[in-house]
Amino acid sequence: MTETRVRIAPSPSGNLHIGTARTALFNYLYAKKMGGKFVLRIEDTDAERTEQQYIDNIFDSLKALGLNWDEGPDVGGDYAPYTQSERFDIYPEYAQKLLDAGFAYECYCTPEELEAEKQASQANKVAHVYSGKCENLTEEEKAKLIAEGRKPAIRFSIKKALKAFHETSEITFDDLVKGELKQNGDLIGDFVIMKSNGTPTYNFAVVVDDLLMKITDIIRGEDHISNTFKQILIYEALGVEVPRFGHLGMILAPDRSKLSKRHGATAVSDFIKEGYLIEALVNFVALLGWAPSDGVEIKTVDEIAADFRIAEVSSSNSIFEYDKLNWMNGQYIKKMPLEELLEHAKPFLAEYNLERYTHDELLRILEITREPITLLSELKYDTEYLFNDDIKLDEVSEVLSAEYANDVLSRTLEISEGLDFSSEEPLHEAFANLRGEFKEKGIKPKETMWVIRAATTGRTRGADMCAIIKLLGKDEFTRRIKAAMN
RNA sequence: GCCCCCAUCGUCUAGAGGCCUAGGACAACACCCUUUCACGGUGUAGACAGCGAUUCGAAUUCGCUUGGGGGUACCA
């Protein structure tokens, strides 16, 4: 048995997309499950669209997700370099092999000529296939075209490859997730493998790299199915073993269109900025197309990897809905150790003076505010009254204008006098008594607490009151009560 | 236009001919718990796209239709 080797090959023309992240995750899971290697390769053959910031973003996002690669541009490996632009000298050599074996030929067609052919096919309602008119150019004809200043591209000869390796023109392969897939090879045009500028096209570069990097299993989005047939032919023409392929359904936006910026976050880094925890993101995205055998949906990456079977992955597209992701993020926030949560929360609390509280108090703040939230970013609003002493009472004027409100507040002030604010216990007891006291006057316990909450936080909802009071301390608490009484 | 892929509750899915009066999760709704909001708990509602065929029997197999997605570049 040869070692399983998979790869994720993003092209740095944008930040790491959530769809790419899922493909990376499934490759990673598959590698883990098979005890194989996970390789990262940067596909930057299109210099026009690649930017360093995107390369950085891809690295950072993948690392944040915990999808550590065994080989890649930064860590190296036996098959370096792992950046396509650094491999440009490799491709012509393989193109030449194809040329020599008769599986490729030079094409001198201009964009205009190509476009005209395409238009003609469209008009005739037939599949557009390049005519192959350059395949049989004589040396004189070539010389003449070169003299005109034309530079040739190199095309792959479908017909020759089909004839050499297939009994019929049908190309089939057994997809890891979709089963048998087929395509009539006659409908594939002779595609360009080397551009006239000497750089390889995507379909050629991937094959050369994947075979040189000894990739055994290629798991990618189903938008690559049509490429797969072309690539199989190249592998065969090069005389090497064809790897296994697995095509995943796409992730769609709620309106069933491609997930794009107008739907909100699309890059992993966007989600992190919005307050999603990577654990939740990874867990959620794994559930898009894959289901745990025991029905337990909240799982760590390791647990998922142990239970992962590529053949059981759904072959249909799935829609990215926030509801479940939000719920899951909330679950992770509730379960996360407080120390860890504090680290994740700090960026969202950057505007506040955290020095005001001790480390333990900060942990307590998170403990009492984490329950209802779904996103870390909500922490900013939900903890605001603990950091900002300027309490606005506009939103709670109704609560404070209740006839019993001033009674509650003055009694609160009275009982605060001899109260110990250094721990929550006595506060709980004191306010329980206060509730009892007012209950006898016909004021519901919740109404009593509402007044106190409104006065000290300017809100009608929030964390545990006694914990808040203890955190604020006697001076600040009574100051706020007094301020609200006016 | 042509080619390919896909099709179970609103969403993610379980289901590989009888175990299905189709199960779970999120969302929705109701109730309970509660010092608020929430968390949690209990319950309700909610789907096999349509039509044919195969079979004693089909969500599960096959065909067609419809719908959705993808591809059709000297982009990746």
# chains A, B, ... in the order shown; residues from 1 in each chain; ligands from 1
>>> residues_around(residues="C20 of chain B", least_positions_apart="5", cutoff="12 Å", atoms="only C-alpha atoms (C1' of nucleotides)", output="list in words")
U8, A14, G15, C48, A58, A59 and U60 of chain B
>>> interface_residues(of="chain A", to="chain B", cutoff="7 Å", atoms="only C-alpha atoms (C1' of nucleotides)", output="mmCIF file with all heavy atoms, in the first residue's frame")
data_model
loop_
_atom_site.group_PDB
_atom_site.id
_atom_site.type_symbol
_atom_site.label_atom_id
_atom_site.label_comp_id
_atom_site.auth_asym_id
_atom_site.auth_seq_id
_atom_site.Cartn_x
_atom_site.Cartn_y
_atom_site.Cartn_z
ATOM 1 N N SER A 11 -5.805 29.088 -5.019
ATOM 2 C CA SER A 11 -5.104 30.099 -5.808
ATOM 3 C C SER A 11 -5.331 31.429 -5.112
ATOM 4 O O SER A 11 -6.455 31.775 -4.741
ATOM 5 C CB SER A 11 -5.594 30.104 -7.251
ATOM 6 O OG SER A 11 -6.878 30.621 -7.322
ATOM 7 N N GLN A 122 -21.946 27.831 -31.507
ATOM 8 C CA GLN A 122 -23.137 28.280 -30.784
ATOM 9 C C GLN A 122 -24.302 28.392 -31.754
ATOM 10 O O GLN A 122 -25.407 27.933 -31.469
ATOM 11 C CB GLN A 122 -22.876 29.655 -30.156
ATOM 12 C CG GLN A 122 -21.962 29.618 -28.962
ATOM 13 C CD GLN A 122 -22.721 29.639 -27.652
ATOM 14 O OE1 GLN A 122 -23.938 29.601 -27.630
ATOM 15 N NE2 GLN A 122 -21.988 29.674 -26.543
ATOM 16 N N LYS A 125 -25.822 25.249 -32.622
ATOM 17 C CA LYS A 125 -26.336 24.524 -31.465
ATOM 18 C C LYS A 125 -25.605 23.212 -31.201
ATOM 19 O O LYS A 125 -26.213 22.204 -30.876
ATOM 20 C CB LYS A 125 -27.843 24.242 -31.639
ATOM 21 C CG LYS A 125 -28.662 25.504 -31.659
ATOM 22 C CD LYS A 125 -30.145 25.189 -31.556
ATOM 23 C CE LYS A 125 -30.945 26.474 -31.439
ATOM 24 N NZ LYS A 125 -32.350 26.211 -31.164
ATOM 25 N N VAL A 126 -24.326 23.227 -31.397
ATOM 26 C CA VAL A 126 -23.534 22.038 -31.074
ATOM 27 C C VAL A 126 -22.483 22.439 -30.041
ATOM 28 O O VAL A 126 -22.184 23.617 -29.873
ATOM 29 C CB VAL A 126 -22.827 21.440 -32.327
ATOM 30 C CG1 VAL A 126 -23.854 20.906 -33.291
ATOM 31 C CG2 VAL A 126 -21.934 22.477 -32.986
ATOM 32 N N ALA A 127 -21.980 21.447 -29.330
ATOM 33 C CA ALA A 127 -20.972 21.716 -28.321
ATOM 34 C C ALA A 127 -19.763 22.363 -28.973
ATOM 35 O O ALA A 127 -19.326 21.937 -30.039
ATOM 36 C CB ALA A 127 -20.558 20.416 -27.639
ATOM 37 N N ALA A 153 0.783 28.508 -28.807
ATOM 38 C CA ALA A 153 0.398 27.903 -27.534
ATOM 39 C C ALA A 153 0.498 26.400 -27.807
ATOM 40 O O ALA A 153 0.613 25.989 -28.965
ATOM 41 C CB ALA A 153 -1.035 28.274 -27.186
ATOM 42 N N VAL A 192 -5.673 24.112 -24.360
ATOM 43 C CA VAL A 192 -4.314 24.632 -24.258
ATOM 44 C C VAL A 192 -3.681 24.128 -22.967
ATOM 45 O O VAL A 192 -4.311 24.152 -21.904
ATOM 46 C CB VAL A 192 -4.338 26.179 -24.265
ATOM 47 C CG1 VAL A 192 -2.965 26.753 -23.918
ATOM 48 C CG2 VAL A 192 -4.808 26.685 -25.611
ATOM 49 N N LYS A 195 0.440 28.208 -22.394
ATOM 50 C CA LYS A 195 0.042 29.453 -23.034
ATOM 51 C C LYS A 195 1.192 29.943 -23.904
ATOM 52 O O LYS A 195 2.335 29.529 -23.730
ATOM 53 C CB LYS A 195 -0.281 30.508 -21.975
ATOM 54 C CG LYS A 195 -1.326 30.068 -20.971
ATOM 55 C CD LYS A 195 -1.521 31.150 -19.897
ATOM 56 C CE LYS A 195 -2.194 30.564 -18.672
ATOM 57 N NZ LYS A 195 -2.258 31.506 -17.551
ATOM 58 N N SER A 196 0.873 30.845 -24.825
ATOM 59 C CA SER A 196 1.911 31.339 -25.733
ATOM 60 C C SER A 196 2.996 32.111 -24.978
ATOM 61 O O SER A 196 4.089 32.305 -25.484
ATOM 62 C CB SER A 196 1.288 32.201 -26.827
ATOM 63 O OG SER A 196 0.497 33.208 -26.255
ATOM 64 N N TYR A 202 -3.962 25.939 -15.998
ATOM 65 C CA TYR A 202 -4.348 25.240 -14.774
ATOM 66 C C TYR A 202 -4.361 23.732 -14.944
ATOM 67 O O TYR A 202 -3.743 22.990 -14.177
ATOM 68 C CB TYR A 202 -5.730 25.717 -14.318
ATOM 69 C CG TYR A 202 -6.341 24.806 -13.291
ATOM 70 C CD1 TYR A 202 -5.891 24.797 -11.975
ATOM 71 C CD2 TYR A 202 -7.348 23.898 -13.656
ATOM 72 C CE1 TYR A 202 -6.418 23.925 -11.040
ATOM 73 C CE2 TYR A 202 -7.879 23.025 -12.724
ATOM 74 C CZ TYR A 202 -7.413 23.033 -11.426
ATOM 75 O OH TYR A 202 -7.926 22.162 -10.510
ATOM 76 N N GLU A 222 -17.066 19.988 -6.900
ATOM 77 C CA GLU A 222 -17.582 19.381 -8.131
ATOM 78 C C GLU A 222 -17.499 20.317 -9.327
ATOM 79 O O GLU A 222 -17.757 19.910 -10.454
ATOM 80 C CB GLU A 222 -19.016 18.887 -7.942
ATOM 81 C CG GLU A 222 -20.050 19.981 -7.791
ATOM 82 C CD GLU A 222 -21.474 19.421 -7.750
ATOM 83 O OE1 GLU A 222 -21.644 18.242 -7.412
ATOM 84 O OE2 GLU A 222 -22.395 20.184 -8.070
ATOM 85 N N ASP A 223 -17.107 21.554 -9.085
ATOM 86 C CA ASP A 223 -16.901 22.454 -10.219
ATOM 87 C C ASP A 223 -15.690 21.997 -11.034
ATOM 88 O O ASP A 223 -15.433 22.529 -12.108
ATOM 89 C CB ASP A 223 -16.743 23.907 -9.743
ATOM 90 C CG ASP A 223 -15.743 24.072 -8.621
ATOM 91 O OD1 ASP A 223 -15.473 23.091 -7.904
ATOM 92 O OD2 ASP A 223 -15.223 25.187 -8.462
ATOM 93 N N SER A 226 -15.538 18.563 -14.793
ATOM 94 C CA SER A 226 -15.214 18.601 -16.221
ATOM 95 C C SER A 226 -13.706 18.659 -16.453
ATOM 96 O O SER A 226 -13.203 18.182 -17.471
ATOM 97 C CB SER A 226 -15.911 19.775 -16.897
ATOM 98 O OG SER A 226 -15.535 20.980 -16.267
ATOM 99 N N LEU A 287 -20.253 19.382 8.881
ATOM 100 C CA LEU A 287 -21.607 18.847 8.822
ATOM 101 C C LEU A 287 -22.298 19.158 7.497
ATOM 102 O O LEU A 287 -23.411 18.698 7.254
ATOM 103 C CB LEU A 287 -22.425 19.433 9.979
ATOM 104 C CG LEU A 287 -22.729 18.569 11.198
ATOM 105 C CD1 LEU A 287 -21.798 17.399 11.357
ATOM 106 C CD2 LEU A 287 -22.786 19.409 12.448
ATOM 107 N N LEU A 288 -21.657 19.957 6.677
ATOM 108 C CA LEU A 288 -22.206 20.262 5.364
ATOM 109 C C LEU A 288 -21.754 19.133 4.439
ATOM 110 O O LEU A 288 -20.693 19.182 3.843
ATOM 111 C CB LEU A 288 -21.664 21.605 4.872
ATOM 112 C CG LEU A 288 -22.528 22.860 4.937
ATOM 113 C CD1 LEU A 288 -23.551 22.843 6.036
ATOM 114 C CD2 LEU A 288 -21.671 24.100 5.012
ATOM 115 N N ALA A 291 -22.277 13.424 7.912
ATOM 116 C CA ALA A 291 -23.063 13.250 9.130
ATOM 117 C C ALA A 291 -22.389 12.220 10.024
ATOM 118 O O ALA A 291 -21.914 11.191 9.550
ATOM 119 C CB ALA A 291 -24.479 12.799 8.790
ATOM 120 N N GLY A 295 -24.843 10.260 15.470
ATOM 121 C CA GLY A 295 -25.832 11.311 15.611
ATOM 122 C C GLY A 295 -25.405 12.485 16.482
ATOM 123 O O GLY A 295 -26.125 13.457 16.600
ATOM 124 N N SER A 316 -24.597 15.982 -2.960
ATOM 125 C CA SER A 316 -25.354 17.140 -3.427
ATOM 126 C C SER A 316 -24.854 18.437 -2.795
ATOM 127 O O SER A 316 -24.119 18.429 -1.811
ATOM 128 C CB SER A 316 -26.843 16.946 -3.149
ATOM 129 O OG SER A 316 -27.044 16.474 -1.848
ATOM 130 N N GLU A 321 -26.554 28.095 5.840
ATOM 131 C CA GLU A 321 -27.496 28.883 6.640
ATOM 132 C C GLU A 321 -26.821 29.202 7.965
ATOM 133 O O GLU A 321 -26.182 28.350 8.568
ATOM 134 C CB GLU A 321 -28.770 28.076 6.907
ATOM 135 C CG GLU A 321 -29.680 27.934 5.704
ATOM 136 C CD GLU A 321 -30.616 29.118 5.516
ATOM 137 O OE1 GLU A 321 -30.369 30.187 6.115
ATOM 138 O OE2 GLU A 321 -31.588 28.968 4.746
ATOM 139 N N ASP A 323 -28.277 29.910 10.895
ATOM 140 C CA ASP A 323 -28.962 29.505 12.127
ATOM 141 C C ASP A 323 -28.201 28.465 12.941
ATOM 142 O O ASP A 323 -27.965 28.627 14.125
ATOM 143 C CB ASP A 323 -30.355 28.960 11.797
ATOM 144 C CG ASP A 323 -31.328 30.095 11.476
ATOM 145 O OD1 ASP A 323 -31.022 31.239 11.843
ATOM 146 O OD2 ASP A 323 -32.360 29.824 10.855
ATOM 147 N N LYS A 324 -27.842 27.401 12.256
ATOM 148 C CA LYS A 324 -27.195 26.314 12.991
ATOM 149 C C LYS A 324 -25.761 26.668 13.386
ATOM 150 O O LYS A 324 -25.285 26.276 14.449
ATOM 151 C CB LYS A 324 -27.204 25.040 12.144
ATOM 152 C CG LYS A 324 -26.893 23.803 12.947
ATOM 153 C CD LYS A 324 -27.374 22.592 12.208
ATOM 154 C CE LYS A 324 -27.138 21.332 13.016
ATOM 155 N NZ LYS A 324 -27.768 20.174 12.354
ATOM 156 N N GLU A 371 -23.691 33.144 28.522
ATOM 157 C CA GLU A 371 -24.853 32.274 28.310
ATOM 158 C C GLU A 371 -25.681 32.589 27.066
ATOM 159 O O GLU A 371 -25.875 31.716 26.232
ATOM 160 C CB GLU A 371 -25.750 32.292 29.544
ATOM 161 C CG GLU A 371 -25.305 31.341 30.643
ATOM 162 C CD GLU A 371 -25.301 29.876 30.216
ATOM 163 O OE1 GLU A 371 -26.345 29.416 29.728
ATOM 164 O OE2 GLU A 371 -24.266 29.211 30.361
ATOM 165 N N PRO A 372 -26.203 33.809 26.964
ATOM 166 C CA PRO A 372 -27.118 34.041 25.857
ATOM 167 C C PRO A 372 -26.449 34.341 24.520
ATOM 168 O O PRO A 372 -27.131 34.377 23.512
ATOM 169 C CB PRO A 372 -27.918 35.252 26.335
ATOM 170 C CG PRO A 372 -26.955 35.992 27.186
ATOM 171 C CD PRO A 372 -26.079 34.979 27.829
ATOM 172 N N PRO A 445 -41.489 39.574 42.317
ATOM 173 C CA PRO A 445 -40.024 39.506 42.446
ATOM 174 C C PRO A 445 -39.319 40.040 41.206
ATOM 175 O O PRO A 445 -38.349 40.783 41.300
ATOM 176 C CB PRO A 445 -39.765 38.009 42.632
ATOM 177 C CG PRO A 445 -41.013 37.481 43.242
ATOM 178 C CD PRO A 445 -42.124 38.301 42.670
ATOM 179 N N LYS A 446 -39.821 39.664 40.039
ATOM 180 C CA LYS A 446 -39.141 40.104 38.814
ATOM 181 C C LYS A 446 -39.240 41.617 38.631
ATOM 182 O O LYS A 446 -38.352 42.252 38.108
ATOM 183 C CB LYS A 446 -39.666 39.348 37.596
ATOM 184 C CG LYS A 446 -41.082 39.662 37.191
ATOM 185 C CD LYS A 446 -41.307 39.330 35.726
ATOM 186 C CE LYS A 446 -41.819 37.909 35.518
ATOM 187 N NZ LYS A 446 -42.322 37.677 34.166
ATOM 188 N N MET A 449 -36.570 43.264 40.828
ATOM 189 C CA MET A 449 -35.231 43.138 40.255
ATOM 190 C C MET A 449 -35.068 43.980 38.999
ATOM 191 O O MET A 449 -33.986 44.456 38.689
ATOM 192 C CB MET A 449 -34.922 41.668 39.951
ATOM 193 C CG MET A 449 -34.793 40.798 41.181
ATOM 194 S SD MET A 449 -33.663 41.473 42.424
ATOM 195 C CE MET A 449 -32.071 41.132 41.690
ATOM 196 N N TRP A 450 -36.183 44.133 38.305
ATOM 197 C CA TRP A 450 -36.136 44.902 37.070
ATOM 198 C C TRP A 450 -35.739 46.348 37.329
ATOM 199 O O TRP A 450 -34.968 46.954 36.595
ATOM 200 C CB TRP A 450 -37.509 44.868 36.400
ATOM 201 C CG TRP A 450 -37.454 44.312 35.010
ATOM 202 C CD1 TRP A 450 -36.339 44.187 34.248
ATOM 203 C CD2 TRP A 450 -38.550 43.821 34.248
ATOM 204 N NE1 TRP A 450 -36.666 43.629 33.032
ATOM 205 C CE2 TRP A 450 -38.019 43.389 33.005
ATOM 206 C CE3 TRP A 450 -39.923 43.686 34.469
ATOM 207 C CZ2 TRP A 450 -38.824 42.846 31.996
ATOM 208 C CZ3 TRP A 450 -40.720 43.152 33.464
ATOM 209 C CH2 TRP A 450 -40.171 42.724 32.244
ATOM 210 N N THR A 460 -32.935 46.289 30.387
ATOM 211 C CA THR A 460 -33.998 45.494 31.007
ATOM 212 C C THR A 460 -33.613 44.019 31.026
ATOM 213 O O THR A 460 -34.331 43.183 31.541
ATOM 214 C CB THR A 460 -35.317 45.633 30.222
ATOM 215 O OG1 THR A 460 -35.060 45.328 28.852
ATOM 216 C CG2 THR A 460 -35.854 47.045 30.338
ATOM 217 N N ARG A 461 -32.498 43.740 30.447
ATOM 218 C CA ARG A 461 -32.039 42.354 30.450
ATOM 219 C C ARG A 461 -30.527 42.338 30.584
ATOM 220 O O ARG A 461 -29.850 43.340 30.317
ATOM 221 C CB ARG A 461 -32.454 41.648 29.163
ATOM 222 C CG ARG A 461 -31.936 42.382 27.931
ATOM 223 C CD ARG A 461 -32.125 41.606 26.671
ATOM 224 N NE ARG A 461 -33.468 41.710 26.122
ATOM 225 C CZ ARG A 461 -33.778 41.331 24.880
ATOM 226 N NH1 ARG A 461 -32.841 40.826 24.099
ATOM 227 N NH2 ARG A 461 -34.986 41.455 24.429
ATOM 228 N N GLY A 462 -30.006 41.201 31.007
ATOM 229 C CA GLY A 462 -28.564 41.124 31.157
ATOM 230 C C GLY A 462 -28.165 40.000 32.086
ATOM 231 O O GLY A 462 -28.971 39.116 32.393
#
>>> select_by_dssp(residues="segment 11-124 of chain A", states="helix (DSSP H, G or I)", output="PyMOL selection string")
chain A and resi 18-34+52-64+84-87+91-100+111-123
>>> atom_distance(atom1="atom CA of Leu366 of chain A", atom2="atom CA of Asn326 of chain A")
18.2 Å
>>> atom_distance(atom1="atom CA of Asp78 of chain A", atom2="atom CA of Ala305 of chain A")
25.4 Å
>>> select_by_dssp(residues="segment 65-290 of chain A", states="strand (DSSP E or B)", output="VMD selection string")
chain A and resid 71 to 72 76 83 104 to 107 153 to 156 170 to 175 179 to 184 192 to 194 200 217 to 221 244 to 248 251 to 252 258 267
>>> atom_distance(atom1="atom CA of Asp382 of chain A", atom2="atom CA of Ala463 of chain A")
8.2 Å
>>> residues_around(residues="Phe26 of chain A", least_positions_apart="2", cutoff="9 Å", atoms="only C-alpha atoms (C1' of nucleotides)", output="list in words")
Ala21, Arg22, Thr23, Ala24, Tyr28, Leu29, Tyr30, Ala31, Ile219, Arg220, Ala286, Ala305, Phe308 and Ile310 of chain A
>>> residues_around(residues="segment 41-54 of chain A", least_positions_apart="6", cutoff="6 Å", atoms="only C-alpha atoms (C1' of nucleotides)", output="list in words")
Ala9, Pro10, Ser11, Pro12, Ser13, Gly14, Asn15, Gly72, Tyr82, Thr83, Gln84 and Ser85 of chain A
>>> residues_around(residues="segment 210-214 of chain A", least_positions_apart="3", cutoff="12 Å", atoms="only C-alpha atoms (C1' of nucleotides)", output="ChimeraX atom specification")
/A:2-9,36-41,43,71-72,76-84,87,90-91,94,202-207,217-219,231-232,234-236,238-245
>>> residues_around(residues="segment 142-144 of chain A", least_positions_apart="5", cutoff="12 Å", atoms="only C-alpha atoms (C1' of nucleotides)", output="ChimeraX atom specification")
/A:105-109,134-137,149-152
>>> residues_around(residues="Ser318 of chain A", least_positions_apart="4", cutoff="9 Å", atoms="only C-alpha atoms (C1' of nucleotides)", output="list in words")
Gly249, Met250, Ile251, Leu252, Ala253, Arg256, Leu288, Gly289 and Ser314 of chain A; U11 and C12 of chain B
>>> decode(residues="segment 164-173 of chain A", atoms="all heavy atoms", output="PDB file, in the first residue's frame")
ATOM      1  N   ALA A 164      -5.372   6.250 -28.205  1.00  0.00           N
ATOM      2  CA  ALA A 164      -4.305   5.456 -27.597  1.00  0.00           C
ATOM      3  C   ALA A 164      -4.741   4.721 -26.338  1.00  0.00           C
ATOM      4  O   ALA A 164      -4.245   3.636 -26.048  1.00  0.00           O
ATOM      5  CB  ALA A 164      -3.120   6.358 -27.280  1.00  0.00           C
ATOM      6  N   PHE A 165      -5.643   5.317 -25.571  1.00  0.00           N
ATOM      7  CA  PHE A 165      -5.947   4.719 -24.251  1.00  0.00           C
ATOM      8  C   PHE A 165      -7.397   4.297 -24.024  1.00  0.00           C
ATOM      9  O   PHE A 165      -7.721   3.753 -22.977  1.00  0.00           O
ATOM     10  CB  PHE A 165      -5.531   5.684 -23.141  1.00  0.00           C
ATOM     11  CG  PHE A 165      -4.092   6.137 -23.279  1.00  0.00           C
ATOM     12  CD1 PHE A 165      -3.787   7.424 -23.707  1.00  0.00           C
ATOM     13  CD2 PHE A 165      -3.053   5.246 -23.012  1.00  0.00           C
ATOM     14  CE1 PHE A 165      -2.470   7.830 -23.845  1.00  0.00           C
ATOM     15  CE2 PHE A 165      -1.731   5.656 -23.150  1.00  0.00           C
ATOM     16  CZ  PHE A 165      -1.431   6.953 -23.574  1.00  0.00           C
ATOM     17  N   HIS A 166      -8.257   4.593 -24.974  1.00  0.00           N
ATOM     18  CA  HIS A 166      -9.659   4.256 -24.738  1.00  0.00           C
ATOM     19  C   HIS A 166     -10.261   3.551 -25.944  1.00  0.00           C
ATOM     20  O   HIS A 166     -10.015   3.944 -27.076  1.00  0.00           O
ATOM     21  CB  HIS A 166     -10.470   5.525 -24.439  1.00  0.00           C
ATOM     22  CG  HIS A 166     -10.045   6.198 -23.166  1.00  0.00           C
ATOM     23  ND1 HIS A 166     -10.702   6.041 -21.984  1.00  0.00           N
ATOM     24  CD2 HIS A 166      -8.971   7.011 -22.906  1.00  0.00           C
ATOM     25  CE1 HIS A 166     -10.066   6.742 -21.043  1.00  0.00           C
ATOM     26  NE2 HIS A 166      -9.014   7.335 -21.585  1.00  0.00           N
ATOM     27  N   GLU A 167     -11.059   2.531 -25.680  1.00  0.00           N
ATOM     28  CA  GLU A 167     -11.661   1.787 -26.780  1.00  0.00           C
ATOM     29  C   GLU A 167     -12.745   2.597 -27.458  1.00  0.00           C
ATOM     30  O   GLU A 167     -12.908   2.562 -28.670  1.00  0.00           O
ATOM     31  CB  GLU A 167     -12.233   0.472 -26.257  1.00  0.00           C
ATOM     32  CG  GLU A 167     -11.103  -0.447 -25.796  1.00  0.00           C
ATOM     33  CD  GLU A 167     -11.615  -1.803 -25.344  1.00  0.00           C
ATOM     34  OE1 GLU A 167     -12.811  -2.070 -25.506  1.00  0.00           O
ATOM     35  OE2 GLU A 167     -10.784  -2.554 -24.821  1.00  0.00           O
ATOM     36  N   THR A 168     -13.494   3.336 -26.665  1.00  0.00           N
ATOM     37  CA  THR A 168     -14.500   4.222 -27.249  1.00  0.00           C
ATOM     38  C   THR A 168     -14.090   5.624 -26.833  1.00  0.00           C
ATOM     39  O   THR A 168     -13.091   5.812 -26.146  1.00  0.00           O
ATOM     40  CB  THR A 168     -15.905   3.934 -26.675  1.00  0.00           C
ATOM     41  OG1 THR A 168     -15.908   4.292 -25.293  1.00  0.00           O
ATOM     42  CG2 THR A 168     -16.252   2.468 -26.829  1.00  0.00           C
ATOM     43  N   SER A 169     -14.863   6.600 -27.227  1.00  0.00           N
ATOM     44  CA  SER A 169     -14.473   7.958 -26.853  1.00  0.00           C
ATOM     45  C   SER A 169     -14.970   8.308 -25.459  1.00  0.00           C
ATOM     46  O   SER A 169     -14.835   9.444 -25.008  1.00  0.00           O
ATOM     47  CB  SER A 169     -14.988   8.949 -27.891  1.00  0.00           C
ATOM     48  OG  SER A 169     -16.358   8.756 -28.112  1.00  0.00           O
ATOM     49  N   GLU A 170     -15.535   7.342 -24.783  1.00  0.00           N
ATOM     50  CA  GLU A 170     -16.037   7.621 -23.443  1.00  0.00           C
ATOM     51  C   GLU A 170     -14.925   7.547 -22.393  1.00  0.00           C
ATOM     52  O   GLU A 170     -14.122   6.621 -22.387  1.00  0.00           O
ATOM     53  CB  GLU A 170     -17.142   6.627 -23.084  1.00  0.00           C
ATOM     54  CG  GLU A 170     -17.844   6.999 -21.802  1.00  0.00           C
ATOM     55  CD  GLU A 170     -19.144   6.237 -21.635  1.00  0.00           C
ATOM     56  OE1 GLU A 170     -19.126   5.116 -21.111  1.00  0.00           O
ATOM     57  OE2 GLU A 170     -20.175   6.790 -22.054  1.00  0.00           O
ATOM     58  N   ILE A 171     -14.899   8.549 -21.516  1.00  0.00           N
ATOM     59  CA  ILE A 171     -13.920   8.573 -20.439  1.00  0.00           C
ATOM     60  C   ILE A 171     -14.703   8.355 -19.146  1.00  0.00           C
ATOM     61  O   ILE A 171     -15.684   9.059 -18.886  1.00  0.00           O
ATOM     62  CB  ILE A 171     -13.213   9.935 -20.359  1.00  0.00           C
ATOM     63  CG1 ILE A 171     -12.624  10.307 -21.721  1.00  0.00           C
ATOM     64  CG2 ILE A 171     -12.118   9.907 -19.291  1.00  0.00           C
ATOM     65  CD1 ILE A 171     -12.236  11.770 -21.827  1.00  0.00           C
ATOM     66  N   THR A 172     -14.305   7.382 -18.348  1.00  0.00           N
ATOM     67  CA  THR A 172     -15.012   7.152 -17.088  1.00  0.00           C
ATOM     68  C   THR A 172     -14.019   7.057 -15.946  1.00  0.00           C
ATOM     69  O   THR A 172     -12.845   6.749 -16.144  1.00  0.00           O
ATOM     70  CB  THR A 172     -15.802   5.827 -17.104  1.00  0.00           C
ATOM     71  OG1 THR A 172     -14.860   4.763 -17.227  1.00  0.00           O
ATOM     72  CG2 THR A 172     -16.785   5.769 -18.230  1.00  0.00           C
ATOM     73  N   PHE A 173     -14.508   7.351 -14.768  1.00  0.00           N
ATOM     74  CA  PHE A 173     -13.693   7.109 -13.581  1.00  0.00           C
ATOM     75  C   PHE A 173     -14.625   6.902 -12.398  1.00  0.00           C
ATOM     76  O   PHE A 173     -15.800   7.265 -12.453  1.00  0.00           O
ATOM     77  CB  PHE A 173     -12.707   8.259 -13.322  1.00  0.00           C
ATOM     78  CG  PHE A 173     -13.335   9.551 -12.871  1.00  0.00           C
ATOM     79  CD1 PHE A 173     -13.420   9.864 -11.518  1.00  0.00           C
ATOM     80  CD2 PHE A 173     -13.818  10.466 -13.794  1.00  0.00           C
ATOM     81  CE1 PHE A 173     -13.984  11.072 -11.094  1.00  0.00           C
ATOM     82  CE2 PHE A 173     -14.392  11.663 -13.385  1.00  0.00           C
ATOM     83  CZ  PHE A 173     -14.471  11.971 -12.039  1.00  0.00           C
TER      84      PHE A 173
END
